[in-house]
file my_file14.json (JSON, C-alpha atoms)
[["chain", "number", "residue", "atom", "x", "y", "z"],
["A", 1085, "MET", "CA", -13.52, 20.94, 2.04],
["A", 1086, "THR", "CA", -13.48, 17.72, 0.03],
["A", 1087, "ILE", "CA", -10.73, 15.09, 0.27],
["A", 1088, "LEU", "CA", -9.86, 13.40, -3.02],
["A", 1089, "VAL", "CA", -8.97, 9.70, -2.88],
["A", 1090, "ILE", "CA", -7.01, 8.35, -5.84],
["A", 1091, "GLY", "CA", -6.65, 4.58, -5.88],
["A", 1092, "ALA", "CA", -9.94, 4.11, -4.07],
["A", 1093, "THR", "CA", -11.02, 0.75, -5.48],
["A", 1094, "GLY", "CA", -8.17, -1.42, -4.20],
["A", 1095, "ARG", "CA", -7.52, -3.21, -0.92],
["A", 1096, "VAL", "CA", -6.24, -0.07, 0.81],
["A", 1097, "GLY", "CA", -8.21, 2.62, -0.97],
["A", 1098, "ARG", "CA", -11.65, 1.25, -0.12],
["A", 1099, "HIS", "CA", -10.70, 1.18, 3.56],
["A", 1100, "VAL", "CA", -9.44, 4.77, 3.29],
["A", 1101, "VAL", "CA", -12.81, 5.89, 1.92],
["A", 1102, "ASP", "CA", -14.65, 4.06, 4.72],
["A", 1103, "GLN", "CA", -12.40, 5.54, 7.39],
["A", 1104, "LEU", "CA", -12.88, 9.06, 6.05],
["A", 1105, "ILE", "CA", -16.66, 8.64, 6.00],
["A", 1106, "GLN", "CA", -16.56, 7.46, 9.61],
["A", 1107, "ARG", "CA", -14.78, 10.74, 10.39],
["A", 1108, "ASP", "CA", -17.48, 12.81, 8.65],
["A", 1109, "ALA", "CA", -15.24, 13.90, 5.79],
["A", 1110, "GLN", "CA", -16.53, 14.92, 2.38],
["A", 1111, "VAL", "CA", -14.99, 12.36, 0.00],
["A", 1112, "ARG", "CA", -14.46, 12.41, -3.75],
["A", 1113, "VAL", "CA", -12.93, 9.51, -5.68],
["A", 1114, "LEU", "CA", -11.46, 9.29, -9.15],
["A", 1115, "THR", "CA", -12.01, 5.92, -10.84],
["A", 1116, "ARG", "CA", -11.85, 4.51, -14.36],
["A", 1117, "ASP", "CA", -15.21, 2.72, -14.04],
["A", 1118, "PRO", "CA", -17.76, 4.36, -11.73],
["A", 1119, "ALA", "CA", -20.31, 1.62, -12.46],
["A", 1120, "LYS", "CA", -18.10, -0.90, -10.66],
["A", 1121, "ALA", "CA", -17.08, 1.41, -7.81],
["A", 1122, "ALA", "CA", -20.02, 0.72, -5.43],
["A", 1123, "PHE", "CA", -19.03, 3.35, -2.90],
["A", 1124, "PRO", "CA", -21.25, 4.37, 0.03],
["A", 1125, "VAL", "CA", -23.92, 6.99, -0.44],
["A", 1126, "GLY", "CA", -22.46, 10.48, -0.20],
["A", 1127, "VAL", "CA", -19.16, 9.71, -1.91],
["A", 1128, "GLU", "CA", -18.72, 11.84, -5.02],
["A", 1129, "VAL", "CA", -17.51, 9.62, -7.87],
["A", 1130, "MET", "CA", -15.68, 11.07, -10.86],
["A", 1131, "GLN", "CA", -14.57, 9.13, -13.92],
["A", 1132, "GLY", "CA", -11.05, 9.22, -15.31],
["A", 1133, "ASP", "CA", -7.52, 7.93, -14.92],
["A", 1134, "LEU", "CA", -4.14, 9.42, -14.11],
["A", 1135, "LEU", "CA", -3.19, 9.92, -17.75],
["A", 1136, "ASP", "CA", -6.38, 11.90, -18.43],
["A", 1137, "ILE", "CA", -5.34, 15.48, -17.67],
["A", 1138, "GLY", "CA", -8.85, 16.87, -18.12],
["A", 1139, "ALA", "CA", -10.27, 14.36, -15.66],
["A", 1140, "LEU", "CA", -7.48, 15.11, -13.18],
["A", 1141, "ARG", "CA", -8.12, 18.84, -13.40],
["A", 1142, "ALA", "CA", -11.81, 18.29, -12.78],
["A", 1143, "ALA", "CA", -11.13, 15.93, -9.86],
["A", 1144, "PHE", "CA", -8.82, 18.43, -8.17],
["A", 1145, "SER", "CA", -11.26, 21.34, -8.53],
["A", 1146, "GLY", "CA", -12.35, 22.51, -5.07],
["A", 1147, "VAL", "CA", -10.02, 20.07, -3.32],
["A", 1148, "SER", "CA", -7.27, 20.94, -0.85],
["A", 1149, "THR", "CA", -6.15, 17.47, 0.30],
["A", 1150, "VAL", "CA", -5.47, 14.28, -1.67],
["A", 1151, "PHE", "CA", -4.66, 10.65, -0.97],
["A", 1152, "LEU", "CA", -2.52, 9.27, -3.79],
["A", 1153, "LEU", "CA", -2.08, 5.56, -4.35],
["A", 1154, "ASN", "CA", -0.56, 4.51, -7.67],
["A", 1155, "ALA", "CA", -1.14, 0.99, -8.90],
["A", 1156, "VAL", "CA", 1.95, -0.95, -10.03],
["A", 1157, "THR", "CA", 1.83, -0.42, -13.79],
["A", 1158, "GLY", "CA", 4.38, 0.02, -16.55],
["A", 1159, "ASP", "CA", 3.76, 3.78, -16.56],
["A", 1160, "GLU", "CA", 3.39, 4.25, -12.81],
["A", 1161, "PHE", "CA", 6.04, 6.96, -12.62],
["A", 1162, "THR", "CA", 4.46, 9.02, -15.41],
["A", 1163, "GLN", "CA", 1.09, 8.73, -13.68],
["A", 1164, "ALA", "CA", 2.50, 9.83, -10.32],
["A", 1165, "ILE", "CA", 4.40, 12.84, -11.66],
["A", 1166, "LEU", "CA", 1.55, 14.02, -13.89],
["A", 1167, "THR", "CA", -0.89, 13.75, -10.99],
["A", 1168, "LEU", "CA", 1.32, 15.73, -8.64],
["A", 1169, "ASN", "CA", 1.89, 18.40, -11.30],
["A", 1170, "VAL", "CA", -1.84, 18.81, -11.85],
["A", 1171, "ALA", "CA", -2.38, 18.91, -8.09],
["A", 1172, "ARG", "CA", 0.20, 21.67, -7.77],
["A", 1173, "GLU", "CA", -1.39, 23.55, -10.67],
["A", 1174, "ALA", "CA", -4.74, 23.35, -8.85],
["A", 1175, "GLY", "CA", -3.24, 24.70, -5.64],
["A", 1176, "VAL", "CA", -3.48, 21.38, -3.81],
["A", 1177, "ASP", "CA", -0.55, 21.18, -1.42],
["A", 1178, "ARG", "CA", -1.78, 18.73, 1.23],
["A", 1179, "VAL", "CA", -0.97, 15.15, 0.27],
["A", 1180, "VAL", "CA", -0.90, 11.72, 1.85],
["A", 1181, "TYR", "CA", 1.18, 9.57, -0.48],
["A", 1182, "LEU", "CA", 1.36, 5.79, -0.30],
["A", 1183, "SER", "CA", 5.00, 4.93, -0.91],
["A", 1184, "VAL", "CA", 6.77, 1.74, 0.18],
["A", 1185, "PHE", "CA", 9.12, 0.66, 2.96],
["A", 1186, "ASP", "CA", 12.78, 1.35, 2.09],
["A", 1187, "ALA", "CA", 11.78, 3.16, -1.11],
["A", 1188, "ASP", "CA", 15.04, 5.07, -1.20],
["A", 1189, "ARG", "CA", 17.25, 2.00, -0.83],
["A", 1190, "ALA", "CA", 15.67, -0.73, -2.96],
["A", 1191, "VAL", "CA", 16.36, 1.19, -6.16],
["A", 1192, "ASN", "CA", 16.55, -1.88, -8.42],
["A", 1193, "VAL", "CA", 12.88, -2.72, -7.79],
["A", 1194, "PRO", "CA", 10.89, -0.59, -10.27],
["A", 1195, "HIS", "CA", 7.89, 0.30, -8.13],
["A", 1196, "PHE", "CA", 10.17, 1.13, -5.20],
["A", 1197, "ALA", "CA", 12.28, 3.42, -7.39],
["A", 1198, "VAL", "CA", 9.12, 5.07, -8.75],
["A", 1199, "LYS", "CA", 7.89, 5.87, -5.27],
["A", 1200, "SER", "CA", 11.28, 7.22, -4.25],
["A", 1201, "GLY", "CA", 11.10, 9.57, -7.24],
["A", 1202, "ALA", "CA", 7.63, 10.75, -6.26],
["A", 1203, "GLU", "CA", 8.84, 11.35, -2.70],
["A", 1204, "ARG", "CA", 11.62, 13.54, -4.10],
["A", 1205, "MET", "CA", 9.11, 15.54, -6.12],
["A", 1206, "LEU", "CA", 6.91, 16.11, -3.07],
["A", 1207, "ALA", "CA", 9.92, 17.52, -1.22],
["A", 1208, "ALA", "CA", 11.39, 19.52, -4.09],
["A", 1209, "MET", "CA", 8.15, 21.20, -5.16],
["A", 1210, "GLY", "CA", 6.98, 22.39, -1.78],
["A", 1211, "PHE", "CA", 4.13, 20.01, -0.97],
["A", 1212, "GLY", "CA", 3.06, 19.43, 2.58],
["A", 1213, "ALA", "CA", 2.83, 15.66, 2.75],
["A", 1214, "THR", "CA", 2.66, 12.58, 4.88],
["A", 1215, "ILE", "CA", 4.64, 9.86, 3.14],
["A", 1216, "LEU", "CA", 3.41, 6.45, 4.22],
["A", 1217, "ARG", "CA", 5.92, 3.65, 3.75],
["A", 1218, "PRO", "CA", 4.18, 0.28, 4.22],
["A", 1219, "THR", "CA", 5.89, -3.08, 4.21],
["A", 1220, "TYR", "CA", 4.42, -6.05, 2.33],
["A", 1221, "PHE", "CA", 0.62, -6.14, 2.62],
["A", 1222, "ILE", "CA", -0.72, -9.12, 4.57],
["A", 1223, "ASP", "CA", -3.84, -8.84, 2.39],
["A", 1224, "ASN", "CA", -1.80, -9.76, -0.70],
["A", 1225, "GLU", "CA", -1.68, -13.33, 0.58],
["A", 1226, "VAL", "CA", -4.95, -13.94, -1.27],
["A", 1227, "MET", "CA", -2.80, -14.08, -4.43],
["A", 1228, "VAL", "CA", -1.03, -17.23, -3.24],
["A", 1229, "LYS", "CA", -3.81, -18.82, -1.19],
["A", 1230, "ASP", "CA", -4.38, -21.62, -3.71],
["A", 1231, "VAL", "CA", -0.73, -22.68, -3.53],
["A", 1232, "ILE", "CA", -0.92, -22.70, 0.27],
["A", 1233, "LEU", "CA", -4.31, -24.40, 0.61],
["A", 1234, "GLN", "CA", -4.05, -26.88, -2.25],
["A", 1235, "HIS", "CA", -0.34, -27.71, -2.32],
["A", 1236, "GLY", "CA", 0.77, -27.08, 1.27],
["A", 1237, "VAL", "CA", 3.56, -24.71, 0.24],
["A", 1238, "TYR", "CA", 4.12, -21.10, 1.25],
["A", 1239, "PRO", "CA", 5.67, -19.78, -1.98],
["A", 1240, "ILE", "CA", 6.83, -16.23, -1.26],
["A", 1241, "PRO", "CA", 10.61, -16.06, -0.69],
["A", 1242, "LEU", "CA", 10.58, -14.00, 2.50],
["A", 1243, "GLY", "CA", 14.02, -15.20, 3.57],
["A", 1244, "GLY", "CA", 15.39, -15.46, 7.06],
["A", 1245, "ARG", "CA", 15.81, -11.81, 8.03],
["A", 1246, "GLY", "CA", 12.09, -11.18, 8.41],
["A", 1247, "VAL", "CA", 9.32, -8.99, 7.02],
["A", 1248, "ALA", "CA", 6.99, -7.03, 9.32],
["A", 1249, "MET", "CA", 3.90, -7.46, 7.13],
["A", 1250, "VAL", "CA", 1.18, -4.86, 7.58],
["A", 1251, "ASP", "CA", -2.60, -5.12, 7.35],
["A", 1252, "ALA", "CA", -4.42, -2.92, 4.80],
["A", 1253, "ARG", "CA", -6.85, -1.79, 7.50],
["A", 1254, "ASP", "CA", -3.99, -0.35, 9.55],
["A", 1255, "ILE", "CA", -2.55, 1.39, 6.49],
["A", 1256, "ALA", "CA", -5.92, 2.91, 5.65],
["A", 1257, "GLU", "CA", -6.71, 4.12, 9.14],
["A", 1258, "VAL", "CA", -3.35, 5.85, 9.49],
["A", 1259, "ALA", "CA", -3.92, 7.40, 6.05],
["A", 1260, "ALA", "CA", -7.33, 8.70, 7.09],
["A", 1261, "ILE", "CA", -5.99, 10.13, 10.34],
["A", 1262, "GLU", "CA", -3.26, 11.96, 8.44],
["A", 1263, "LEU", "CA", -5.64, 13.21, 5.74],
["A", 1264, "ILE", "CA", -7.97, 14.67, 8.35],
["A", 1265, "ARG", "CA", -5.06, 16.18, 10.28],
["A", 1266, "ARG", "CA", -3.69, 17.90, 7.20],
["A", 1267, "GLU", "CA", -7.11, 18.92, 5.89],
["A", 1268, "ARG", "CA", -8.03, 20.63, 9.17],
["A", 1269, "ALA", "CA", -4.68, 22.27, 9.85],
["A", 1270, "PRO", "CA", -4.78, 26.08, 9.62],
["A", 1271, "HIS", "CA", -1.66, 26.04, 7.40],
["A", 1272, "THR", "CA", 0.29, 23.55, 5.30],
["A", 1273, "LEU", "CA", 2.19, 21.11, 7.50],
["A", 1274, "PRO", "CA", 5.76, 19.98, 6.78],
["A", 1275, "ILE", "CA", 6.62, 16.65, 5.18],
["A", 1276, "GLU", "CA", 6.57, 13.67, 7.52],
["A", 1277, "THR", "CA", 7.41, 10.03, 6.81],
["A", 1278, "ILE", "CA", 5.75, 7.14, 8.66],
["A", 1279, "ASN", "CA", 6.85, 3.53, 8.37],
["A", 1280, "LEU", "CA", 3.79, 1.25, 8.35],
["A", 1281, "VAL", "CA", 4.63, -2.15, 9.81],
["A", 1282, "GLY", "CA", 2.94, -5.11, 11.44],
["A", 1283, "PRO", "CA", 3.16, -6.31, 15.03],
["A", 1284, "GLU", "CA", 5.66, -9.11, 14.26],
["A", 1285, "THR", "CA", 8.63, -9.60, 11.97],
["A", 1286, "LEU", "CA", 8.17, -12.97, 10.27],
["A", 1287, "THR", "CA", 10.53, -15.14, 8.24],
["A", 1288, "GLY", "CA", 9.38, -17.54, 5.56],
["A", 1289, "VAL", "CA", 9.66, -20.42, 8.02],
["A", 1290, "ASP", "CA", 7.62, -18.46, 10.57],
["A", 1291, "VAL", "CA", 4.79, -17.85, 8.10],
["A", 1292, "ALA", "CA", 4.70, -21.50, 7.02],
["A", 1293, "ALA", "CA", 4.44, -22.48, 10.70],
["A", 1294, "ILE", "CA", 1.46, -20.15, 11.19],
["A", 1295, "TRP", "CA", -0.30, -21.72, 8.21],
["A", 1296, "SER", "CA", 0.49, -25.21, 9.50],
["A", 1297, "ASP", "CA", -1.09, -24.35, 12.84],
["A", 1298, "VAL", "CA", -4.15, -22.67, 11.30],
["A", 1299, "LEU", "CA", -4.82, -25.49, 8.82],
["A", 1300, "GLY", "CA", -3.88, -28.35, 11.13],
["A", 1301, "ARG", "CA", -1.55, -29.86, 8.54],
["A", 1302, "THR", "CA", 1.98, -29.22, 7.38],
["A", 1303, "VAL", "CA", 2.68, -26.23, 5.18],
["A", 1304, "THR", "CA", 6.28, -26.06, 3.96],
["A", 1305, "TYR", "CA", 8.24, -22.92, 3.21],
["A", 1306, "GLY", "CA", 9.16, -22.94, -0.48],
["A", 1307, "GLY", "CA", 12.65, -21.55, 0.15],
["A", 1308, "ASP", "CA", 14.60, -18.45, -0.76],
["A", 1309, "ASP", "CA", 15.05, -19.14, -4.49],
["A", 1310, "PRO", "CA", 12.77, -16.65, -6.29],
["A", 1311, "SER", "CA", 12.54, -18.47, -9.63],
["A", 1312, "GLY", "CA", 9.53, -20.61, -8.66],
["A", 1313, "PHE", "CA", 7.79, -17.57, -7.17],
["A", 1314, "GLU", "CA", 8.28, -15.66, -10.42],
["A", 1315, "GLN", "CA", 6.77, -18.56, -12.38],
["A", 1316, "THR", "CA", 3.77, -18.68, -10.04],
["A", 1317, "MET", "CA", 3.15, -14.95, -10.35],
["A", 1318, "ALA", "CA", 3.44, -15.13, -14.15],
["A", 1319, "THR", "CA", 0.40, -17.41, -14.27],
["A", 1320, "PHE", "CA", -1.93, -14.53, -13.38],
["A", 1321, "MET", "CA", 0.00, -11.30, -14.10],
["A", 1322, "PRO", "CA", 2.15, -9.94, -16.96],
["A", 1323, "GLU", "CA", 5.69, -11.31, -17.20],
["A", 1324, "TRP", "CA", 7.25, -7.91, -16.51],
["A", 1325, "MET", "CA", 5.23, -7.61, -13.30],
["A", 1326, "ALA", "CA", 6.09, -11.17, -12.22],
["A", 1327, "TYR", "CA", 9.75, -10.33, -12.73],
["A", 1328, "GLU", "CA", 9.32, -7.18, -10.67],
["A", 1329, "MET", "CA", 7.76, -9.28, -7.89],
["A", 1330, "ARG", "CA", 10.84, -11.51, -8.07],
["A", 1331, "LEU", "CA", 13.11, -8.50, -7.65],
["A", 1332, "MET", "CA", 11.08, -7.43, -4.63],
["A", 1333, "ALA", "CA", 11.32, -10.92, -3.13],
["A", 1334, "GLU", "CA", 15.10, -10.87, -3.61],
["A", 1335, "ARG", "CA", 15.14, -7.75, -1.45],
["A", 1336, "TYR", "CA", 13.17, -9.58, 1.22],
["A", 1337, "VAL", "CA", 15.79, -12.30, 1.25],
["A", 1338, "SER", "CA", 18.79, -9.96, 1.27],
["A", 1339, "ASP", "CA", 17.49, -7.17, 3.53],
["A", 1340, "GLY", "CA", 14.10, -8.12, 4.95],
["A", 1341, "MET", "CA", 11.67, -5.39, 5.98],
["A", 1342, "ILE", "CA", 12.61, -4.75, 9.56],
["A", 1343, "PRO", "CA", 11.00, -1.93, 11.58],
["A", 1344, "GLU", "CA", 13.11, 0.85, 12.98],
["A", 1345, "ASP", "CA", 13.11, 1.51, 16.71],
["A", 1346, "GLY", "CA", 9.81, 3.05, 17.72],
["A", 1347, "ASP", "CA", 7.90, 2.30, 14.49],
["A", 1348, "ARG", "CA", 5.42, -0.06, 16.09],
["A", 1349, "GLU", "CA", 4.94, 2.04, 19.20],
["A", 1350, "ARG", "CA", 4.26, 5.11, 17.07],
["A", 1351, "LEU", "CA", 1.52, 3.31, 15.13],
["A", 1352, "VAL", "CA", -0.14, 1.86, 18.22],
["A", 1353, "THR", "CA", -0.22, 5.33, 19.78],
["A", 1354, "LEU", "CA", -1.59, 6.89, 16.59],
["A", 1355, "LEU", "CA", -4.32, 4.25, 16.19],
["A", 1356, "GLY", "CA", -5.08, 3.84, 19.89],
["A", 1357, "ARG", "CA", -5.24, 0.05, 19.50],
["A", 1358, "PRO", "CA", -3.02, -2.96, 18.70],
["A", 1359, "LEU", "CA", -1.95, -3.64, 15.12],
["A", 1360, "HIS", "CA", -3.60, -6.42, 13.14],
["A", 1361, "GLY", "CA", -1.40, -9.51, 12.90],
["A", 1362, "TYR", "CA", -0.74, -12.12, 10.22],
["A", 1363, "ARG", "CA", -2.61, -14.99, 11.88],
["A", 1364, "GLU", "CA", -5.89, -13.09, 11.71],
["A", 1365, "THR", "CA", -5.73, -12.99, 7.91],
["A", 1366, "ALA", "CA", -4.58, -16.62, 7.66],
["A", 1367, "VAL", "CA", -7.61, -17.70, 9.69],
["A", 1368, "ARG", "CA", -9.95, -15.66, 7.49],
["A", 1369, "ILE", "CA", -8.49, -17.03, 4.25],
["A", 1370, "ALA", "CA", -8.64, -20.59, 5.57],
["A", 1371, "ALA", "CA", -12.31, -20.14, 6.55],
["A", 1372, "GLU", "CA", -13.20, -18.83, 3.09]]
call {"tool": "encode", "arguments": {"input": "my_file14.json", "output": "structure tokens"}}
result
Amino acid sequence: MTILVIGATGRVGRHVVDQLIQRDAQVRVLTRDPAKAAFPVGVEVMQGDLLDIGALRAAFSGVSTVFLLNAVTGDEFTQAILTLNVAREAGVDRVVYLSVFDADRAVNVPHFAVKSGAERMLAAMGFGATILRPTYFIDNEVMVKDVILQHGVYPIPLGGRGVAMVDARDIAEVAAIELIRRERAPHTLPIETINLVGPETLTGVDVAAIWSDVLGRTVTYGGDDPSGFEQTMATFMPEWMAYEMRLMAERYVSDGMIPEDGDRERLVTLLGRPLHGYRETAVRIAAE
């Protein structure tokens, strides 16, 4: 059977497609612009978006398992709920859903609240699902690389409690493992939630120190006040999204993203290798 990947063109989704191909899965993707997709040979590419019901119905035809990643948009919740309804209509009941760490607690952050709502729908409507709850993506640091490299400031208000940032490659490989496990199971498996975390829990000061070491010059932590971070984000994203990023950063400062006992060990066992750490990405960005 074919596995449908929704959200296949982003930092995580492309890795999911690659991981599934490595595992000899038949892969279909749904994308708004197939001409820009550039997926490997053998991947079935279908055009459409999550508000196009006809395209969704076509994408789900002949599919039993789906990876769902919703981009952070103003209508993210509508997209998620419509997609899951069409999946259910098509008889698709095996889902790997990319949620977010602490989705059920950080209810004032819009894209956290959205994902908590989608989690509730998965449970209430009888889906068999793996709910992946990643922390902040290490890969997102490319958004602030110019501030780090050109101004010597690490601008994200991570606070002093710590965030166990996770690498997109680790997220994607766990997703692929779970998609294959659910696809090949003789019956629908119960809902399971997996926290996706990195190998170390880093504060803002910790991250600035890593950059200082990698670059060989001082990088200063910009502090816990999120106002400057919001202004930086607003230079390349809509104001509403920059404000949402500020709300997320405020949660970092107040609560952090701290793994539960056994989270890291579970991931290392599942992957059969160590987790990718922050320094690896810092070195790559610095080299670029």
call {"tool": "closest_residue", "arguments": {"input": "my_file14.json", "among": "A:Val1228, A:Val1298, A:Pro1283, A:Ala1333", "to": "Val1352 (chain A)", "atoms": "all atoms listed in the file"}}
result
A:Pro1283
call {"tool": "residues_around", "arguments": {"input": "my_file14.json", "residues": "region 1233-1249 of chain A", "least_positions_apart": "6", "cutoff": "6 Å", "atoms": "only C-alpha atoms", "output": "list of chain:residue names"}}
result
A:Thr1219, A:Tyr1220, A:Phe1221, A:Ile1222, A:Val1281, A:Gly1282, A:Glu1284, A:Thr1285, A:Leu1286, A:Thr1287, A:Gly1288, A:Ala1292, A:Val1303, A:Thr1304, A:Tyr1305, A:Gly1306, A:Gly1307, A:Asp1308, A:Ala1333, A:Tyr1336, A:Val1337, A:Gly1340, A:Met1341, A:Ile1342
call {"tool": "atom_distance", "arguments": {"input": "my_file14.json", "atom1": "CA of Thr1093 (chain A)", "atom2": "CA of Arg1335 (chain A)"}}
result
27.8 Å
call {"tool": "residues_near_point", "arguments": {"input": "my_file14.json", "point": "(-0.9, 18.3, -8.5)", "cutoff": "9 Å", "atoms": "only C-alpha atoms", "output": "list in words"}}
result
Leu1140, Arg1141, Phe1144, Ile1165, Leu1166, Thr1167, Leu1168, Asn1169, Val1170, Ala1171, Arg1172, Glu1173, Ala1174, Gly1175, Val1176 and Asp1177 of chain A
call {"tool": "closest_residue", "arguments": {"input": "my_file14.json", "among": "A:Arg1357, A:Arg1368, A:Arg1107, A:Arg1178", "to": "Leu1206 (chain A)", "atoms": "only C-alpha atoms"}}
result
A:Arg1178
call {"tool": "atom_distance", "arguments": {"input": "my_file14.json", "atom1": "CA of Ile1278 (chain A)", "atom2": "CA of Val1179 (chain A)"}}
result
13.4 Å
call {"tool": "closest_residue", "arguments": {"input": "my_file14.json", "among": "A:Leu1299, A:Val1250, A:Leu1152, A:Ala1326", "to": "Ile1369 (chain A)", "atoms": "only C-alpha atoms"}}
result
A:Leu1299
